[in-house]
Every structure is written in C-alpha cells, then in structure tokens.
$ cat my_file-v3.cif   # mmCIF, C-alpha atoms and all ligand atoms
data_coords
#
loop_
_atom_site.label_atom_id
_atom_site.label_comp_id
_atom_site.auth_asym_id
_atom_site.auth_seq_id
_atom_site.Cartn_x
_atom_site.Cartn_y
_atom_site.Cartn_z
CA MET A 12 6.71 -95.57 189.29
CA LYS A 13 5.45 -98.72 187.57
CA TRP A 14 8.57 -98.82 185.44
CA ILE A 15 10.76 -98.72 188.53
CA VAL A 16 8.90 -101.72 189.95
CA ILE A 17 9.28 -103.67 186.70
CA PHE A 18 12.98 -102.83 186.51
CA MET A 19 13.56 -104.03 190.07
CA GLY A 20 11.70 -107.22 189.25
CA VAL A 21 14.03 -107.93 186.35
CA CYS A 22 17.07 -107.22 188.50
CA SER A 23 16.07 -109.61 191.24
CA ALA A 24 15.36 -112.31 188.65
CA THR A 25 19.03 -112.25 187.69
CA ALA A 26 20.00 -112.95 191.31
CA MET A 27 19.24 -116.52 192.48
CA ASN A 28 15.93 -118.20 192.11
CA ALA A 29 13.42 -115.38 192.19
CA GLN A 30 10.51 -117.74 191.88
CA ASP A 31 7.39 -115.55 191.68
CA THR A 32 4.70 -118.27 191.47
CA LEU A 33 4.25 -121.60 193.24
CA TRP A 34 1.73 -124.33 192.55
CA ILE A 35 0.46 -126.62 195.32
CA VAL A 36 0.17 -129.86 193.37
CA PRO A 37 -1.10 -133.30 194.49
CA GLY A 38 0.67 -136.36 193.13
CA THR A 39 2.23 -139.71 193.89
CA PHE A 40 5.57 -140.13 195.64
CA ILE A 41 7.31 -143.46 195.01
CA GLN A 42 10.16 -144.72 197.19
CA GLY A 43 11.16 -148.35 196.79
CA ASN A 44 7.98 -150.44 196.99
CA ASP A 45 6.00 -147.65 198.66
CA THR A 46 3.60 -145.51 196.65
CA MET A 47 2.41 -142.55 198.68
CA PRO A 48 -0.16 -139.81 198.09
CA ALA A 49 1.72 -136.54 198.40
CA LEU A 50 1.66 -132.77 197.89
CA ARG A 51 4.41 -130.52 196.62
CA ALA A 52 5.02 -126.80 196.26
CA GLU A 53 6.11 -126.87 192.64
CA THR A 54 7.75 -124.28 190.39
CA GLN A 55 5.29 -125.31 187.66
CA ALA A 56 1.67 -126.44 187.35
CA SER A 57 2.53 -130.12 186.84
CA TRP A 58 3.94 -132.64 189.31
CA THR A 59 7.70 -133.23 189.47
CA GLY A 60 7.81 -134.40 193.11
CA PHE A 61 10.27 -131.70 194.22
CA ASN A 62 9.57 -128.70 196.44
CA ALA A 63 10.63 -125.28 195.19
CA VAL A 64 13.11 -122.96 196.86
CA ILE A 65 12.19 -119.29 197.26
CA ASP A 66 15.01 -116.72 197.25
CA ARG A 67 14.42 -113.17 198.39
CA GLU A 68 16.53 -110.15 199.34
CA ALA A 69 17.30 -109.40 203.00
CA ASN A 70 15.36 -106.82 205.02
CA THR A 71 12.82 -106.29 202.24
CA ASP A 72 9.08 -106.95 202.15
CA ALA A 73 8.29 -109.43 199.40
CA SER A 74 5.50 -111.65 198.16
CA ILE A 75 4.77 -114.74 196.11
CA VAL A 76 1.73 -115.88 194.14
CA VAL A 77 0.52 -119.32 195.27
CA PHE A 78 -1.96 -121.34 193.24
CA ASN A 79 -3.57 -124.16 195.21
CA ALA A 80 -4.21 -126.83 192.56
CA ASP A 81 -5.41 -129.29 195.21
CA SER A 82 -9.10 -130.12 195.72
CA VAL A 83 -9.06 -129.05 199.39
CA ALA A 84 -8.06 -125.83 201.16
CA HIS A 85 -4.63 -125.56 202.77
CA THR A 86 -2.96 -123.13 205.15
CA TRP A 87 0.30 -121.39 204.28
CA SER A 88 2.85 -120.35 206.88
CA THR A 89 6.58 -119.83 207.44
CA ASN A 90 8.94 -120.22 210.40
CA ALA A 91 9.73 -116.50 210.40
CA PRO A 92 9.11 -114.79 213.76
CA ASP A 93 5.41 -113.91 214.21
CA ALA A 94 4.49 -115.71 210.97
CA GLU A 95 0.80 -115.60 210.12
CA ASN A 96 -1.33 -118.36 208.65
CA VAL A 97 -2.80 -117.63 205.20
CA THR A 98 -5.71 -119.68 203.87
CA LEU A 99 -5.28 -121.09 200.37
CA PRO A 100 -8.78 -122.08 199.19
CA ALA A 101 -9.00 -125.04 196.80
CA GLY A 102 -8.38 -123.92 193.24
CA ALA A 103 -7.61 -120.35 194.30
CA THR A 104 -4.69 -118.05 193.56
CA VAL A 105 -3.45 -116.08 196.57
CA ASN A 106 -0.80 -113.36 196.72
CA VAL A 107 1.09 -114.24 199.93
CA GLU A 108 3.18 -111.62 201.71
CA LEU A 109 6.68 -112.71 202.71
CA PRO A 110 8.09 -110.93 205.77
CA SER A 111 11.17 -108.71 205.78
CA LEU A 112 13.90 -110.90 207.29
CA PRO A 113 17.62 -110.73 207.99
CA GLN A 114 19.98 -112.86 205.90
CA GLY A 115 19.55 -116.56 206.65
CA SER A 116 17.58 -119.70 205.92
CA TYR A 117 13.90 -120.16 206.73
CA GLN A 118 11.10 -122.43 205.56
CA TYR A 119 7.62 -122.05 204.11
CA PHE A 120 5.16 -124.90 204.55
CA LEU A 121 1.52 -125.90 204.69
CA ASN A 122 0.42 -125.62 208.29
CA ASP A 123 -2.78 -127.72 208.05
CA GLU A 124 -2.38 -131.35 209.11
CA GLN A 125 -2.81 -132.84 205.63
CA GLY A 126 -0.45 -130.30 204.11
CA LYS A 127 2.21 -131.05 206.72
CA ILE A 128 1.97 -134.82 206.35
CA LEU A 129 1.79 -134.90 202.55
CA GLY A 130 4.92 -132.79 202.32
CA ALA A 131 4.48 -129.46 200.52
CA GLY A 132 7.00 -126.81 201.57
CA GLY A 133 10.52 -125.69 200.92
CA LEU A 134 13.46 -123.50 201.79
CA LEU A 135 13.01 -119.74 202.02
CA ARG A 136 16.52 -118.34 201.48
CA ILE A 137 16.99 -114.72 202.38
CA GLY A 138 19.82 -112.43 201.38
CA TRP A 139 22.01 -114.69 199.25
CA SER A 140 23.09 -113.82 195.74
CA THR A 141 26.50 -114.71 194.38
CA GLU A 142 27.65 -117.19 197.00
CA THR A 143 27.96 -120.90 196.22
CA LEU A 144 24.74 -122.26 197.70
CA PHE A 145 23.34 -125.69 198.42
CA TYR A 146 20.16 -126.69 200.24
CA TRP A 147 18.90 -129.70 202.13
CA ASN A 148 15.15 -130.09 202.67
CA LEU A 149 14.95 -132.80 205.37
CA ARG A 150 11.80 -134.95 205.72
CA GLU A 151 10.56 -138.35 206.80
CA TRP A 152 7.69 -140.28 205.27
CA GLN A 153 5.33 -142.80 206.89
CA PRO A 154 3.15 -144.25 204.09
CA SER A 155 0.27 -145.42 206.33
CA MET A 156 -0.06 -141.97 207.90
CA MET A 157 -0.02 -140.33 204.45
CA GLU A 158 -2.77 -142.65 203.20
CA LEU A 159 -4.98 -141.79 206.20
CA SER A 160 -4.37 -138.08 205.86
CA ALA A 161 -4.99 -138.07 202.10
CA ALA A 162 -8.32 -139.81 202.80
CA GLY A 163 -9.28 -136.91 205.07
CA GLU A 164 -8.78 -138.78 208.35
CA ALA A 165 -7.37 -137.04 211.42
CA ILE A 166 -4.01 -138.36 212.63
CA ASP A 167 -3.65 -139.81 216.12
CA TRP A 168 -0.27 -138.35 217.11
CA SER A 169 -0.13 -140.57 220.22
CA LEU A 170 0.50 -143.60 218.00
CA PRO A 171 4.12 -144.62 217.28
CA TYR A 172 5.70 -142.61 214.47
CA VAL A 173 7.68 -145.06 212.32
CA PRO A 174 8.73 -143.44 209.05
CA ARG A 175 9.94 -145.78 206.31
CA HIS A 176 11.75 -143.16 204.23
CA PHE A 177 14.11 -140.29 205.04
CA THR A 178 14.93 -137.79 202.33
CA ILE A 179 17.10 -134.81 201.44
CA ASN A 180 15.31 -132.74 198.77
CA GLU A 181 12.78 -135.60 198.28
CA ARG A 182 15.56 -138.07 197.44
CA SER A 183 17.08 -140.79 199.61
CA TYR A 184 20.64 -142.08 199.36
CA PRO A 185 22.05 -143.10 196.86
CA SER A 186 19.77 -140.86 194.73
CA THR A 187 20.93 -137.82 196.74
CA GLY A 188 24.03 -138.03 194.51
CA ASP A 189 21.87 -137.07 191.49
CA ASP A 190 20.80 -133.77 193.03
CA PRO A 191 23.21 -130.85 192.45
CA ASN A 192 21.60 -129.03 195.42
CA ALA A 193 22.15 -131.94 197.84
CA TYR A 194 25.50 -133.24 196.54
CA VAL A 195 28.10 -130.65 197.51
CA ALA A 196 30.59 -130.46 194.62
CA VAL A 197 33.11 -127.65 195.11
CA ASN A 198 36.72 -126.83 194.29
CA LEU A 199 39.57 -126.92 196.78
CA ASN A 200 39.59 -123.79 198.96
CA ASP A 201 36.08 -122.75 197.89
CA THR A 202 33.71 -121.46 200.54
CA CYS A 203 30.10 -122.56 200.22
CA TYR A 204 26.88 -122.20 202.21
CA ILE A 205 24.27 -124.87 202.87
CA SER A 206 20.71 -123.97 203.84
CA ILE A 207 19.24 -126.79 205.91
CA SER A 208 15.65 -127.06 207.05
CA ASN A 209 13.80 -129.75 208.98
CA PHE A 210 10.27 -130.17 207.59
CA GLY A 211 9.66 -133.49 209.35
CA HIS A 212 7.95 -134.57 212.54
CA MET A 213 11.10 -135.52 214.43
CA ASN A 214 14.40 -133.86 215.26
CA HIS A 215 17.44 -134.60 213.11
CA VAL A 216 21.18 -134.39 213.58
CA LEU A 217 23.74 -134.33 210.77
CA HIS A 218 27.35 -135.49 211.06
CA PHE A 219 29.92 -134.03 208.66
CA HIS A 220 33.03 -136.05 207.88
CA GLY A 221 36.20 -134.16 206.96
CA PHE A 222 34.97 -130.72 207.97
CA HIS A 223 33.66 -128.62 210.79
CA VAL A 224 31.05 -126.14 209.55
CA ASP A 225 30.30 -122.66 210.89
CA ILE A 226 26.70 -122.00 211.92
CA ILE A 227 25.71 -118.73 210.21
CA SER A 228 21.99 -118.61 211.07
CA ALA A 229 19.60 -120.76 213.12
CA THR A 230 15.91 -119.93 213.55
CA ASP A 231 15.42 -121.80 216.85
CA HIS A 232 18.92 -121.48 218.32
CA PRO A 233 20.38 -118.02 217.59
CA GLU A 234 22.89 -118.63 220.40
CA ARG A 235 24.54 -121.26 218.17
CA VAL A 236 25.49 -118.70 215.49
CA GLY A 237 29.29 -118.68 215.30
CA TRP A 238 29.69 -122.26 216.53
CA ASN A 239 32.08 -124.44 214.52
CA LYS A 240 30.96 -128.08 214.67
CA ASP A 241 31.08 -131.41 212.81
CA THR A 242 27.69 -132.43 214.25
CA VAL A 243 24.69 -130.18 213.76
CA PRO A 244 21.26 -130.82 215.33
CA ILE A 245 18.21 -129.39 213.52
CA ARG A 246 15.03 -129.33 215.57
CA LYS A 247 11.76 -130.06 213.76
CA GLY A 248 10.62 -126.86 212.12
CA GLU A 249 14.09 -125.30 212.38
CA SER A 250 16.13 -123.81 209.54
CA LEU A 251 19.80 -123.02 209.59
CA THR A 252 22.66 -121.96 207.37
CA VAL A 253 26.15 -123.43 207.63
CA ARG A 254 29.36 -122.29 205.95
CA LEU A 255 31.81 -124.92 204.72
CA VAL A 256 35.39 -124.02 203.82
CA ALA A 257 36.70 -126.75 201.51
CA PHE A 258 40.28 -126.79 202.77
CA GLN A 259 41.04 -130.40 201.77
CA ALA A 260 40.30 -132.41 198.61
CA GLY A 261 38.41 -135.69 198.61
CA MET A 262 35.02 -137.30 199.09
CA TYR A 263 33.42 -137.01 202.53
CA PRO A 264 30.01 -138.29 203.65
CA VAL A 265 27.44 -136.25 205.53
CA HIS A 266 24.85 -138.41 207.24
CA ASN A 267 22.09 -138.37 209.79
CA HIS A 268 23.51 -139.50 213.12
CA ASN A 269 20.28 -141.33 213.97
CA LEU A 270 20.75 -144.78 212.40
CA ILE A 271 17.07 -145.26 211.48
CA ALA A 272 17.35 -142.15 209.30
CA VAL A 273 20.10 -143.68 207.13
CA THR A 274 17.87 -146.53 205.91
CA ASN A 275 15.41 -147.03 203.06
CA ALA A 276 12.38 -149.08 204.23
CA GLY A 277 14.59 -150.53 206.95
CA PHE A 278 17.64 -151.28 204.81
CA TYR A 279 21.03 -149.66 205.39
CA PRO A 280 22.55 -147.63 203.80
CA GLY A 281 19.97 -145.15 202.57
CA GLY A 282 17.98 -142.16 203.73
CA MET A 283 19.69 -138.94 204.72
CA ILE A 284 23.21 -139.39 203.40
CA THR A 285 24.93 -137.12 200.91
CA THR A 286 28.50 -136.34 199.90
CA ILE A 287 30.92 -133.45 199.95
CA ASN A 288 33.18 -133.77 196.90
CA VAL A 289 36.10 -131.33 196.98
CA MET A 290 37.93 -131.37 193.67
CA PRO A 291 41.68 -130.56 193.72
CU CU B 1 29.65 -139.80 210.78
#
$ encode --input "my_file-v3.cif" --output "structure tokens" --more "lines below"
Ligand SMILES: [Cu+2]
Amino acid sequence: MKWIVIFMGVCSATAMNAQDTLWIVPGTFIQGNDTMPALRAETQASWTGFNAVIDREANTDASIVVFNADSVAHTWSTNAPDAENVTLPAGATVNVELPSLPQGSYQYFLNDEQGKILGAGGLLRIGWSTETLFYWNLREWQPSMMELSAAGEAIDWSLPYVPRHFTINERSYPSTGDDPNAYVAVNLNDTCYISISNFGHMNHVLHFHGFHVDIISATDHPERVGWNKDTVPIRKGESLTVRLVAFQAGMYPVHNHNLIAVTNAGFYPGGMITTINVMP
C-alpha cells in the first residue's frame, strides 16, 4: 500500500507544479522608493518575494505541508466552498488538508489581518496538466498600512485605502514582462489558459486588447462560465480561469481598467499591465 502511495506521488510530480511544502517567510518588498515589510508563501525556506502556486488534481483530496517561519501565528484558508481556517503556530510545521475540488482556479491565503495585508498567498490550480498555463496573482500594496500591521497594530478599515503599488505576481509593469507566468507568450493558433486571482482589498477589472477570452471557471460568479468577453471583473477574493485562443499574431496589452491600478507610486504607466505576445 505504501508503495502505491509513493508511486502516485512521483506521478503527480511529473504533472505541473506539485509543490508539497510551502514556507511562510517574512521579508522586505521593495517597489520604487518604497520598502515594505511583507510575507510570502515561498517554495523554499529563504525569501524570494514571490508567492508559490499549488497544483493539484481535480476531485481528489490532497494536502500540503506548511512551515510558518514567521515569529507570529497565522491562519491558513482558501476560497474553496466551506473552506476552514487552519492555525499555523509560529515556527510550526502543519499538514494542511486541501479540499477535493472541480477543475478551476482557486486561491490559498493567510486569513489573519497581518497575513492578508503583508501578502502571503497564491493560486491553487486544480485539474490542469498538459495545457499551456499562465497565472496572474493580483494585489495592491499600501506601505503605511503594511508598516502598521507588521508592528502588530490593528488596521482601521474605515480610513481611506490608497495603495501605491499594484502588482501581477508581485511585479508591476514594466517588470511584468520579465515573468514568464505573467507575460503571455504563445504561438499563433495556440490555446492557453490563464488562472487569475484577486488577493487584494479592492475589486479589479482587466481589459484584454486583441482578444475576447472565454470564462472557464469563476469562484464567485459561476453564472459567468461560458461568457466570452474582452473585459473581465474579478471581485476581491475571487479566482477565475480564462481561455485565450491566439487567432492573430502580434503584441497586445492587458491592463487594469481602473486607471489608479496602472500606476507605480502615482506615475503612469505601471501597475497591473502585461502583454500577450502571439508569435507567427
Ligand atoms: Cu484597454
């Protein structure tokens, strides 16, 4: 029986990114002139600044080992239906159950206030294997709020929320072009899938130039599955999957339709902009 389990483990490792351990790591996030205390869910024990993606098979119970390398406890959760909170004590290793889910895109995150604000959490992709896949982890960052939260202060959510940075996979434009998961490079007539998740504290809306995408899954709006749109809203906490059929060659921007979200510390262009590059 043990051998069967080991064999299955090896098999799933050859599919996508069968990450079996995550580290919750504190560090420093630098954007422009802003240096922010931050947290990440890393694929390794040391800080890189990028949140890991978890891939799992569809309709299968799964788990992941999470090591909380921070000096305070955090709370793990996901946006799966009926998700439960799991306490991650400081310095502890916890085996977290992942629910059996249909194919789609979801998110895992830290559900305590400090964990949410300091930005640990990533895509939970379910049921994808050989498809051409990209992912966009959407977040905003308000340095003053992060400083307060890192110091253990409670956040007054009635105050204005004025983020200075807007990122896709922890990068803002033009650095989004350096990320092979954010920059969609495909060949003419390829079909690809993009997992998008909003980890921020505000709603976002993305505008695709050149293409209408098909909504394949949406955690908060299942009625939108099957829609074919060039503008896709993603509510805070929502995850969705879109399918893009690259029927024409060229370079096409994808950008947040909210103008504040395409700036870096107030300067345009920046923030949540990436590119679809279809090579002939
Ligand atoms: Cu546009």
$ residues_around --input "my_file-v3.cif" --residues "Ser160 of chain A" --least-positions-apart "5" --cutoff "7 Å" --atoms "all atoms listed in the file" --output "number ranges by chain"
A: 125, 165-166
$ write_last_selection --input "my_file-v3.cif" --atoms "C-alpha atoms" --output "mmCIF file, in the coordinates of the input"
data_model
loop_
_atom_site.group_PDB
_atom_site.id
_atom_site.type_symbol
_atom_site.label_atom_id
_atom_site.label_comp_id
_atom_site.auth_asym_id
_atom_site.auth_seq_id
_atom_site.Cartn_x
_atom_site.Cartn_y
_atom_site.Cartn_z
ATOM 1 C CA GLN A 125 -2.810 -132.840 205.630
ATOM 2 C CA ALA A 165 -7.370 -137.040 211.420
ATOM 3 C CA ILE A 166 -4.010 -138.360 212.630
#
$ residues_near_ligand --input "my_file-v3.cif" --ligand "ligand CU 1 (chain B)" --cutoff "8 Å" --atoms "all atoms listed in the file" --output "list in words"
His218, Phe219, His220, Pro264, Val265, His266, Asn267 and His268 of chain A
$ closest_residue --input "my_file-v3.cif" --among "A:Ser155, A:Thr89, A:Gln259, A:Ser183" --to "Asn200 of chain A" --atoms "only C-alpha atoms"
A:Gln259
$ atom_distance --input "my_file-v3.cif" --atom1 "atom CA of Arg136 of chain A" --atom2 "atom CA of Ser116 of chain A"
4.8 Å
$ atom_distance --input "my_file-v3.cif" --atom1 "atom CA of Phe145 of chain A" --atom2 "atom CA of Ser206 of chain A"
6.3 Å
$ atom_distance --input "my_file-v3.cif" --atom1 "atom CA of Tyr119 of chain A" --atom2 "atom CA of Ala52 of chain A"
9.5 Å
$ residues_near_point --input "my_file-v3.cif" --point "(14.2, -121.3, 198.9)" --cutoff "8 Å" --atoms "only C-alpha atoms" --output "PDB file with C-alpha atoms, keeping the file's coordinate frame"
ATOM      1  CA  ASN A  28      15.930-118.200 192.110  1.00  0.00           C
ATOM      2  CA  ALA A  63      10.630-125.280 195.190  1.00  0.00           C
ATOM      3  CA  VAL A  64      13.110-122.960 196.860  1.00  0.00           C
ATOM      4  CA  ILE A  65      12.190-119.290 197.260  1.00  0.00           C
ATOM      5  CA  ASP A  66      15.010-116.720 197.250  1.00  0.00           C
ATOM      6  CA  SER A 116      17.580-119.700 205.920  1.00  0.00           C
ATOM      7  CA  TYR A 117      13.900-120.160 206.730  1.00  0.00           C
ATOM      8  CA  GLN A 118      11.100-122.430 205.560  1.00  0.00           C
ATOM      9  CA  GLY A 133      10.520-125.690 200.920  1.00  0.00           C
ATOM     10  CA  LEU A 134      13.460-123.500 201.790  1.00  0.00           C
ATOM     11  CA  LEU A 135      13.010-119.740 202.020  1.00  0.00           C
ATOM     12  CA  ARG A 136      16.520-118.340 201.480  1.00  0.00           C
ATOM     13  CA  ILE A 137      16.990-114.720 202.380  1.00  0.00           C
TER      14      ILE A 137
END
$ residues_around --input "my_file-v3.cif" --residues "segment 272-274 of chain A" --least-positions-apart "5" --cutoff "7 Å" --atoms "all atoms listed in the file" --output "JSON, numbers by chain"
{"A": [177, 267, 279, 280, 281, 282, 283, 284]}
$ residues_around --input "my_file-v3.cif" --residues "Pro48 of chain A" --least-positions-apart "2" --cutoff "7 Å" --atoms "only C-alpha atoms" --output "ChimeraX atom specification"
/A:38-40,46,129,157-158,161
$ closest_residue --input "my_file-v3.cif" --among "A:Pro100, A:Gly237, A:Pro291, A:Gly115" --to "Ile205 of chain A" --atoms "all atoms listed in the file"
A:Gly115
$ closest_residue --input "my_file-v3.cif" --among "A:Asn62, A:Gln153, A:Asn192, A:Gln114" --to "Val173 of chain A" --atoms "only C-alpha atoms"
A:Gln153
$ closest_residue --input "my_file-v3.cif" --among "A:His212, A:Arg175, A:Arg182, A:Arg51" --to "Asp81 of chain A" --atoms "all atoms listed in the file"
A:Arg51
$ closest_residue --input "my_file-v3.cif" --among "A:Pro154, A:Glu181, A:Pro92, A:Ala276" --to "Gly60 of chain A" --atoms "all atoms listed in the file"
A:Glu181
$ closest_residue --input "my_file-v3.cif" --among "A:Ser111, A:Asn79, A:Asn239, A:Gln42" --to "Ser57 of chain A" --atoms "only C-alpha atoms"
A:Asn79
$ residues_around --input "my_file-v3.cif" --residues "Trp34 of chain A" --least-positions-apart "5" --cutoff "7 Å" --atoms "only C-alpha atoms" --output "PyMOL selection string"
chain A and resi 52-56+77-80
$ axis_aligned_box --input "my_file-v3.cif" --around "segment 51-60 of chain A" --padding-each-side "5 Å" --output "JSON"
{"center_x": 4.7, "center_y": -129.3, "center_z": 191.7, "size_x": 16.1, "size_y": 20.1, "size_z": 19.8}
$ decode --input "my_file-v3.cif" --residues "segment 267-283 of chain A" --atoms "N, CA and C atoms" --output "tab-separated table (two decimals), in the first residue's frame"
chain	number	residue	atom	x	y	z
A	267	ASN	N	-5.36	46.74	-16.21
A	267	ASN	CA	-6.45	47.04	-15.30
A	267	ASN	C	-7.21	48.23	-15.85
A	268	HIS	N	-8.54	48.16	-15.83
A	268	HIS	CA	-9.34	49.23	-16.41
A	268	HIS	C	-9.51	50.41	-15.45
A	269	ASN	N	-9.11	50.21	-14.19
A	269	ASN	CA	-9.13	51.28	-13.20
A	269	ASN	C	-7.79	52.02	-13.30
A	270	LEU	N	-7.81	53.30	-13.66
A	270	LEU	CA	-6.55	53.98	-14.03
A	270	LEU	C	-5.55	54.05	-12.88
A	271	ILE	N	-6.03	54.10	-11.62
A	271	ILE	CA	-5.08	54.16	-10.50
A	271	ILE	C	-4.25	52.87	-10.44
A	272	ALA	N	-4.81	51.78	-10.94
A	272	ALA	CA	-4.14	50.48	-10.85
A	272	ALA	C	-3.13	50.25	-11.99
A	273	VAL	N	-2.97	51.24	-12.87
A	273	VAL	CA	-1.93	51.14	-13.90
A	273	VAL	C	-0.87	52.23	-13.67
A	274	THR	N	-0.60	52.47	-12.36
A	274	THR	CA	0.44	53.43	-11.97
A	274	THR	C	1.39	52.77	-10.98
A	275	ASN	N	2.60	53.32	-10.89
A	275	ASN	CA	3.57	52.95	-9.85
A	275	ASN	C	3.82	54.19	-9.00
A	276	ALA	N	3.40	54.16	-7.74
A	276	ALA	CA	3.54	55.31	-6.83
A	276	ALA	C	2.99	56.58	-7.49
A	277	GLY	N	1.90	56.44	-8.21
A	277	GLY	CA	1.23	57.59	-8.81
A	277	GLY	C	1.63	57.90	-10.23
A	278	PHE	N	2.64	57.21	-10.75
A	278	PHE	CA	3.12	57.52	-12.11
A	278	PHE	C	2.63	56.48	-13.11
A	279	TYR	N	2.10	56.99	-14.22
A	279	TYR	CA	1.62	56.15	-15.32
A	279	TYR	C	2.71	56.07	-16.39
A	280	PRO	N	2.91	54.95	-17.09
A	280	PRO	CA	2.22	53.68	-16.90
A	280	PRO	C	2.97	52.79	-15.92
A	281	GLY	N	2.24	51.91	-15.29
A	281	GLY	CA	2.84	50.96	-14.34
A	281	GLY	C	1.77	50.00	-13.88
A	282	GLY	N	1.99	49.41	-12.72
A	282	GLY	CA	0.98	48.57	-12.08
A	282	GLY	C	0.60	47.35	-12.88
A	283	MET	N	-0.71	47.11	-12.93
A	283	MET	CA	-1.24	45.87	-13.50
A	283	MET	C	-1.40	45.99	-15.00
